[in-house]
Amino acid sequence: MEFRYLGNSGFKVSEITFGNWLTHGSQVENDVATQCVRAALDAGISTFDTADVYANTAAETVLGEALKGERRESLEIFTKVYGPTGPKGKNDLGLSRKHIMESINGSLRRLQTDYVDLYQAHRYDFETPLEETMQAFADIVRQGKALYIGVSEWTAGQLREGHALSKELGFQLISNQPQYSMLWRVIEAEVVPASEELGVSQIVWSPMAQGVLSGKYLPGQPAPEGSRATDEKGGAKMIERWMRDDVLAGVQELKPIAEEAGLSMPQLAVAWVLQNPNVASAIVGASRPEQIADSVAAAGVKLEPEVMKRIDEAIGSLAERDPAQTKSPPKREA
């Protein structure tokens with residue numbers, strides 16, 4: 001496993017982060033989820049990402065149980081706040097001081113830890129003054145409940161405003177967690193340049209475009225049984241935008257490129273996002289422990305410029321690049 005600094009800080013994370021968004025607490029049994037976490041640890045992953053909204057807090061509970069007994073100082077545990085939790089009442093969501101302060105305590109209890117390494121604003125909250133949100137984060141850092149603060153899916157302008165306030169309030173905003181893959185490149189035009197200027201790293205989610213870049217979906221053929229595209233309670237809705245024949249045909253053109261590079265298709269997808277110097281880590285998930293080793297093999301891989309060029313030729317024209325696709329809900333997700 002390789003490690004990278006997160007933002008303009010001395011804090012290092014593993015190039016591969018284990019995330020439990022679509023699986024733990026909802027799609028797979030808790031014992032299998034624990035096996036996946038153990039497999040991640042065995043593979044050298046030290047960084048784990050979750051959120052209170054995942055499976056309505058159950059994912060945090062599963063992760064906390066799975067990591068129990070590990071040396072806390074050797075782990076980097078991330079969680080997030082914004083989405084509706086609990087009974088989903090009027091104050092059970094968003095980035096108000098009330099919700100942030102109550103949420104961090106709930107997350108720490110479920111994760112069975114005294115602090116999280118990174119606490120992230122899961123989206124931008126247009127209904128709460130940014131000053132209120134950042135002051136609450138500053139207080140959480142001073143209380144020792146979070147060591148660093150990050151955000152997720154913020155625009156370049158929102159990052160600049162949040163970063164300026166964090167400096168005024170005496171803490172560091174060091175990361176952004178956006179979607180990023182060969183097929184979803186919307187952060188490249190504005191978010192990445194702003195982040196480089198501010199000393200903010202990307203921790204990217206869905207580097208395999210919800211599994212499409214694995215190559216298992218074939219043009220003109222039904223999705224394999226048991227795959228995400230057939231799972232109505234998981235990622236079927238998110239993956240449907242890529243289930244077009246032109247996209248699936250373009251992805252198939254990556255197969256010989258991966259083979260020549262000595263990589264599997266998932267490894268090529270994860271290695272590709274890690275070529276961006278502003279990316280500190282790629283989040284991968286797993287519903288089976290054996291899936292972990294494949295993703296971890298992408299750590300430390302250097303893709304030659306010729307390989308990057310061939311990937312662009314095969315799939316670049318199919319990618320979504322519109323910076324306006326980086327957005328948060330105009331109203332809280334009640």
# chains A, B, ... in the order shown; residues from 1 in each chain; ligands from 1
>>> select_by_dssp(residues="region 29-219 of chain A", states="alpha helix (DSSP H)", output="JSON, numbers by chain")
{"A": [30, 31, 32, 33, 34, 35, 36, 37, 38, 39, 40, 41, 42, 58, 59, 60, 61, 62, 63, 64, 65, 66, 67, 97, 98, 99, 100, 101, 102, 103, 104, 105, 106, 107, 108, 109, 110, 111, 130, 131, 132, 133, 134, 135, 136, 137, 138, 139, 140, 141, 142, 156, 157, 158, 159, 160, 161, 162, 163, 164, 165, 166, 167, 168, 169, 191, 192, 193, 194, 195, 196, 197, 198]}
>>> residues_around(residues="Glu190 (chain A)", least_positions_apart="6", cutoff="12 Å", atoms="only C-alpha atoms", output="list of chain:residue names")
A:Trp154, A:Thr155, A:Ala156, A:Gly157, A:Gln158, A:Leu159, A:Arg160, A:Glu196, A:Glu197, A:Arg321, A:Asp322, A:Pro323, A:Ala324, A:Gln325, A:Thr326
>>> write_last_selection(atoms="N, CA, C and O atoms", output="PDB file, in the first residue's frame")
ATOM      1  N   TRP A 154     -18.547  19.855  -3.156  1.00  0.00           N
ATOM      2  CA  TRP A 154     -18.646  21.314  -3.144  1.00  0.00           C
ATOM      3  C   TRP A 154     -18.058  21.875  -4.435  1.00  0.00           C
ATOM      4  O   TRP A 154     -17.107  21.321  -4.992  1.00  0.00           O
ATOM      5  N   THR A 155     -18.626  22.977  -4.901  1.00  0.00           N
ATOM      6  CA  THR A 155     -18.116  23.644  -6.094  1.00  0.00           C
ATOM      7  C   THR A 155     -16.826  24.388  -5.766  1.00  0.00           C
ATOM      8  O   THR A 155     -16.473  24.566  -4.588  1.00  0.00           O
ATOM      9  N   ALA A 156     -16.149  24.865  -6.806  1.00  0.00           N
ATOM     10  CA  ALA A 156     -14.917  25.632  -6.600  1.00  0.00           C
ATOM     11  C   ALA A 156     -15.189  26.865  -5.747  1.00  0.00           C
ATOM     12  O   ALA A 156     -14.415  27.188  -4.826  1.00  0.00           O
ATOM     13  N   GLY A 157     -16.286  27.568  -6.026  1.00  0.00           N
ATOM     14  CA  GLY A 157     -16.623  28.765  -5.259  1.00  0.00           C
ATOM     15  C   GLY A 157     -16.923  28.449  -3.803  1.00  0.00           C
ATOM     16  O   GLY A 157     -16.501  29.181  -2.896  1.00  0.00           O
ATOM     17  N   GLN A 158     -17.644  27.372  -3.561  1.00  0.00           N
ATOM     18  CA  GLN A 158     -17.952  26.973  -2.189  1.00  0.00           C
ATOM     19  C   GLN A 158     -16.693  26.559  -1.434  1.00  0.00           C
ATOM     20  O   GLN A 158     -16.540  26.880  -0.248  1.00  0.00           O
ATOM     21  N   LEU A 159     -15.788  25.887  -2.127  1.00  0.00           N
ATOM     22  CA  LEU A 159     -14.516  25.517  -1.502  1.00  0.00           C
ATOM     23  C   LEU A 159     -13.733  26.753  -1.082  1.00  0.00           C
ATOM     24  O   LEU A 159     -13.156  26.806   0.011  1.00  0.00           O
ATOM     25  N   ARG A 160     -13.707  27.758  -1.957  1.00  0.00           N
ATOM     26  CA  ARG A 160     -12.958  28.983  -1.638  1.00  0.00           C
ATOM     27  C   ARG A 160     -13.550  29.682  -0.413  1.00  0.00           C
ATOM     28  O   ARG A 160     -12.827  30.132   0.470  1.00  0.00           O
ATOM     29  N   GLU A 196      -6.139  22.762  -5.832  1.00  0.00           N
ATOM     30  CA  GLU A 196      -4.676  22.853  -5.868  1.00  0.00           C
ATOM     31  C   GLU A 196      -4.205  24.193  -5.311  1.00  0.00           C
ATOM     32  O   GLU A 196      -3.217  24.276  -4.583  1.00  0.00           O
ATOM     33  N   GLU A 197      -4.940  25.237  -5.655  1.00  0.00           N
ATOM     34  CA  GLU A 197      -4.604  26.586  -5.174  1.00  0.00           C
ATOM     35  C   GLU A 197      -4.776  26.692  -3.654  1.00  0.00           C
ATOM     36  O   GLU A 197      -3.993  27.357  -2.970  1.00  0.00           O
ATOM     37  N   ARG A 321     -18.295  15.973 -18.476  1.00  0.00           N
ATOM     38  CA  ARG A 321     -17.281  16.938 -18.059  1.00  0.00           C
ATOM     39  C   ARG A 321     -17.858  18.278 -17.597  1.00  0.00           C
ATOM     40  O   ARG A 321     -17.099  19.172 -17.232  1.00  0.00           O
ATOM     41  N   ASP A 322     -19.153  18.449 -17.636  1.00  0.00           N
ATOM     42  CA  ASP A 322     -19.780  19.736 -17.320  1.00  0.00           C
ATOM     43  C   ASP A 322     -19.583  20.090 -15.844  1.00  0.00           C
ATOM     44  O   ASP A 322     -20.095  19.401 -14.963  1.00  0.00           O
ATOM     45  N   PRO A 323     -18.844  21.182 -15.540  1.00  0.00           N
ATOM     46  CA  PRO A 323     -18.611  21.559 -14.141  1.00  0.00           C
ATOM     47  C   PRO A 323     -19.903  21.811 -13.370  1.00  0.00           C
ATOM     48  O   PRO A 323     -19.921  21.682 -12.142  1.00  0.00           O
ATOM     49  N   ALA A 324     -20.975  22.150 -14.084  1.00  0.00           N
ATOM     50  CA  ALA A 324     -22.253  22.419 -13.410  1.00  0.00           C
ATOM     51  C   ALA A 324     -22.846  21.171 -12.774  1.00  0.00           C
ATOM     52  O   ALA A 324     -23.785  21.259 -11.978  1.00  0.00           O
ATOM     53  N   GLN A 325     -22.297  19.995 -13.106  1.00  0.00           N
ATOM     54  CA  GLN A 325     -22.788  18.756 -12.505  1.00  0.00           C
ATOM     55  C   GLN A 325     -22.307  18.577 -11.065  1.00  0.00           C
ATOM     56  O   GLN A 325     -22.777  17.684 -10.359  1.00  0.00           O
ATOM     57  N   THR A 326     -21.361  19.420 -10.630  1.00  0.00           N
ATOM     58  CA  THR A 326     -21.003  19.434  -9.203  1.00  0.00           C
ATOM     59  C   THR A 326     -22.042  20.302  -8.506  1.00  0.00           C
ATOM     60  O   THR A 326     -22.077  21.517  -8.677  1.00  0.00           O
TER      61      THR A 326
END
>>> closest_atom_pairs(of="region 99-187 of chain A", to="region 53-73 of chain A", cutoff="7 Å", atoms="only C-alpha atoms", output="Markdown table")
| residue | atom | partner | partner_atom | distance |
| --- | --- | --- | --- | --- |
| A:Ser107 | CA | A:Glu60 | CA | 6.9 |
| A:Arg110 | CA | A:Thr61 | CA | 4.7 |
| A:Leu111 | CA | A:Gly64 | CA | 3.9 |
| A:Gln112 | CA | A:Gly64 | CA | 5.5 |
>>> select_by_dssp(residues="region 58-288 of chain A", states="strand (DSSP E)", output="JSON, numbers by chain")
{"A": [76, 77, 78, 79, 80, 81, 116, 117, 118, 119, 120, 121, 146, 147, 148, 149, 150, 151, 173, 174, 175, 176, 201, 202, 203, 204, 279, 280, 281, 282, 283, 284]}
>>> residues_around(residues="region 256-258 of chain A", least_positions_apart="4", cutoff="12 Å", atoms="only C-alpha atoms", output="PDB file with N, CA and C atoms, in the first residue's frame")
ATOM      1  N   LEU A 213     -17.036   0.367 -15.232  1.00  0.00           N
ATOM      2  CA  LEU A 213     -15.671   0.264 -15.748  1.00  0.00           C
ATOM      3  C   LEU A 213     -15.006  -1.082 -15.420  1.00  0.00           C
ATOM      4  N   SER A 214     -15.752  -1.952 -14.750  1.00  0.00           N
ATOM      5  CA  SER A 214     -15.238  -3.315 -14.545  1.00  0.00           C
ATOM      6  C   SER A 214     -15.300  -4.117 -15.833  1.00  0.00           C
ATOM      7  N   GLY A 215     -16.122  -3.657 -16.794  1.00  0.00           N
ATOM      8  CA  GLY A 215     -16.240  -4.358 -18.068  1.00  0.00           C
ATOM      9  C   GLY A 215     -17.233  -5.505 -18.066  1.00  0.00           C
ATOM     10  N   GLY A 250     -17.508   1.459 -25.518  1.00  0.00           N
ATOM     11  CA  GLY A 250     -16.265   2.174 -25.250  1.00  0.00           C
ATOM     12  C   GLY A 250     -15.483   1.525 -24.119  1.00  0.00           C
ATOM     13  N   VAL A 251     -16.195   1.087 -23.090  1.00  0.00           N
ATOM     14  CA  VAL A 251     -15.543   0.427 -21.955  1.00  0.00           C
ATOM     15  C   VAL A 251     -14.869  -0.868 -22.410  1.00  0.00           C
ATOM     16  N   GLN A 252     -15.500  -1.602 -23.329  1.00  0.00           N
ATOM     17  CA  GLN A 252     -14.896  -2.852 -23.813  1.00  0.00           C
ATOM     18  C   GLN A 252     -13.559  -2.593 -24.517  1.00  0.00           C
ATOM     19  N   GLY A 262      -0.966  -5.147 -17.696  1.00  0.00           N
ATOM     20  CA  GLY A 262      -0.896  -6.151 -16.643  1.00  0.00           C
ATOM     21  C   GLY A 262      -1.874  -5.907 -15.515  1.00  0.00           C
ATOM     22  N   LEU A 263      -3.000  -5.263 -15.842  1.00  0.00           N
ATOM     23  CA  LEU A 263      -3.992  -4.907 -14.832  1.00  0.00           C
ATOM     24  C   LEU A 263      -5.350  -5.498 -15.178  1.00  0.00           C
ATOM     25  N   SER A 264      -6.172  -5.707 -14.156  1.00  0.00           N
ATOM     26  CA  SER A 264      -7.574  -6.028 -14.394  1.00  0.00           C
ATOM     27  C   SER A 264      -8.295  -4.727 -14.748  1.00  0.00           C
ATOM     28  N   MET A 265      -9.516  -4.830 -15.237  1.00  0.00           N
ATOM     29  CA  MET A 265     -10.284  -3.624 -15.563  1.00  0.00           C
ATOM     30  C   MET A 265     -10.529  -2.756 -14.315  1.00  0.00           C
ATOM     31  N   PRO A 266     -10.954  -3.339 -13.179  1.00  0.00           N
ATOM     32  CA  PRO A 266     -11.116  -2.495 -11.989  1.00  0.00           C
ATOM     33  C   PRO A 266      -9.811  -1.825 -11.561  1.00  0.00           C
ATOM     34  N   GLN A 267      -8.701  -2.542 -11.663  1.00  0.00           N
ATOM     35  CA  GLN A 267      -7.409  -1.949 -11.292  1.00  0.00           C
ATOM     36  C   GLN A 267      -7.072  -0.771 -12.209  1.00  0.00           C
ATOM     37  N   LEU A 268      -7.345  -0.914 -13.496  1.00  0.00           N
ATOM     38  CA  LEU A 268      -7.074   0.181 -14.433  1.00  0.00           C
ATOM     39  C   LEU A 268      -7.902   1.412 -14.070  1.00  0.00           C
ATOM     40  N   ALA A 269      -9.174   1.200 -13.729  1.00  0.00           N
ATOM     41  CA  ALA A 269     -10.064   2.314 -13.375  1.00  0.00           C
ATOM     42  C   ALA A 269      -9.577   3.043 -12.125  1.00  0.00           C
ATOM     43  N   VAL A 270      -9.184   2.277 -11.106  1.00  0.00           N
ATOM     44  CA  VAL A 270      -8.718   2.892  -9.860  1.00  0.00           C
ATOM     45  C   VAL A 270      -7.360   3.555 -10.064  1.00  0.00           C
ATOM     46  N   ALA A 271      -6.471   2.882 -10.797  1.00  0.00           N
ATOM     47  CA  ALA A 271      -5.154   3.470 -11.071  1.00  0.00           C
ATOM     48  C   ALA A 271      -5.290   4.771 -11.844  1.00  0.00           C
ATOM     49  N   TRP A 272      -6.271   4.828 -12.746  1.00  0.00           N
ATOM     50  CA  TRP A 272      -6.465   6.035 -13.572  1.00  0.00           C
ATOM     51  C   TRP A 272      -6.759   7.260 -12.694  1.00  0.00           C
ATOM     52  N   ALA A 298      -4.130  -1.682  -7.367  1.00  0.00           N
ATOM     53  CA  ALA A 298      -3.989  -0.443  -8.150  1.00  0.00           C
ATOM     54  C   ALA A 298      -3.121   0.583  -7.432  1.00  0.00           C
ATOM     55  N   LEU A 303       0.702   4.757 -14.595  1.00  0.00           N
ATOM     56  CA  LEU A 303       0.296   4.530 -15.979  1.00  0.00           C
ATOM     57  C   LEU A 303       1.102   5.442 -16.896  1.00  0.00           C
ATOM     58  N   GLU A 304       1.692   4.867 -17.914  1.00  0.00           N
ATOM     59  CA  GLU A 304       2.496   5.633 -18.863  1.00  0.00           C
ATOM     60  C   GLU A 304       1.618   6.617 -19.636  1.00  0.00           C
ATOM     61  N   GLU A 306       1.355   7.154 -22.702  1.00  0.00           N
ATOM     62  CA  GLU A 306       0.747   6.504 -23.869  1.00  0.00           C
ATOM     63  C   GLU A 306      -0.513   5.739 -23.467  1.00  0.00           C
ATOM     64  N   VAL A 307      -0.474   5.113 -22.296  1.00  0.00           N
ATOM     65  CA  VAL A 307      -1.653   4.382 -21.810  1.00  0.00           C
ATOM     66  C   VAL A 307      -2.784   5.367 -21.508  1.00  0.00           C
ATOM     67  N   MET A 308      -2.453   6.476 -20.849  1.00  0.00           N
ATOM     68  CA  MET A 308      -3.467   7.497 -20.556  1.00  0.00           C
ATOM     69  C   MET A 308      -4.087   8.039 -21.846  1.00  0.00           C
ATOM     70  N   LYS A 309      -3.273   8.212 -22.861  1.00  0.00           N
ATOM     71  CA  LYS A 309      -3.764   8.711 -24.144  1.00  0.00           C
ATOM     72  C   LYS A 309      -4.716   7.707 -24.785  1.00  0.00           C
ATOM     73  N   ARG A 310      -4.360   6.434 -24.740  1.00  0.00           N
ATOM     74  CA  ARG A 310      -5.217   5.396 -25.324  1.00  0.00           C
ATOM     75  C   ARG A 310      -6.556   5.293 -24.585  1.00  0.00           C
ATOM     76  N   ILE A 311      -6.523   5.481 -23.274  1.00  0.00           N
ATOM     77  CA  ILE A 311      -7.770   5.470 -22.494  1.00  0.00           C
ATOM     78  C   ILE A 311      -8.670   6.617 -22.938  1.00  0.00           C
ATOM     79  N   ASP A 312      -8.072   7.802 -23.115  1.00  0.00           N
ATOM     80  CA  ASP A 312      -8.845   8.955 -23.584  1.00  0.00           C
ATOM     81  C   ASP A 312      -9.446   8.710 -24.967  1.00  0.00           C
ATOM     82  N   GLU A 313      -8.683   8.087 -25.821  1.00  0.00           N
ATOM     83  CA  GLU A 313      -9.173   7.816 -27.174  1.00  0.00           C
ATOM     84  C   GLU A 313     -10.330   6.820 -27.154  1.00  0.00           C
ATOM     85  N   ALA A 314     -10.277   5.873 -26.233  1.00  0.00           N
ATOM     86  CA  ALA A 314     -11.324   4.857 -26.154  1.00  0.00           C
ATOM     87  C   ALA A 314     -12.600   5.379 -25.515  1.00  0.00           C
ATOM     88  N   ILE A 315     -12.454   6.254 -24.517  1.00  0.00           N
ATOM     89  CA  ILE A 315     -13.612   6.558 -23.677  1.00  0.00           C
ATOM     90  C   ILE A 315     -13.811   8.039 -23.379  1.00  0.00           C
TER      91      ILE A 315
END
>>> atom_distance(atom1="CA of Met238 (chain A)", atom2="CA of Ser46 (chain A)")
27.6 Å
>>> atom_distance(atom1="CA of Leu165 (chain A)", atom2="CA of Met101 (chain A)")
18.5 Å
>>> residues_around(residues="Leu118 (chain A)", least_positions_apart="4", cutoff="10 Å", atoms="only C-alpha atoms", output="list in words")
Asp49, Glu76, Ile77, Phe78, Thr79, Lys80, Val141, Lys145, Ala146, Leu147, Tyr148, Ile149, Gly150, Val151, Leu173, Ile174 and Ser175 of chain A
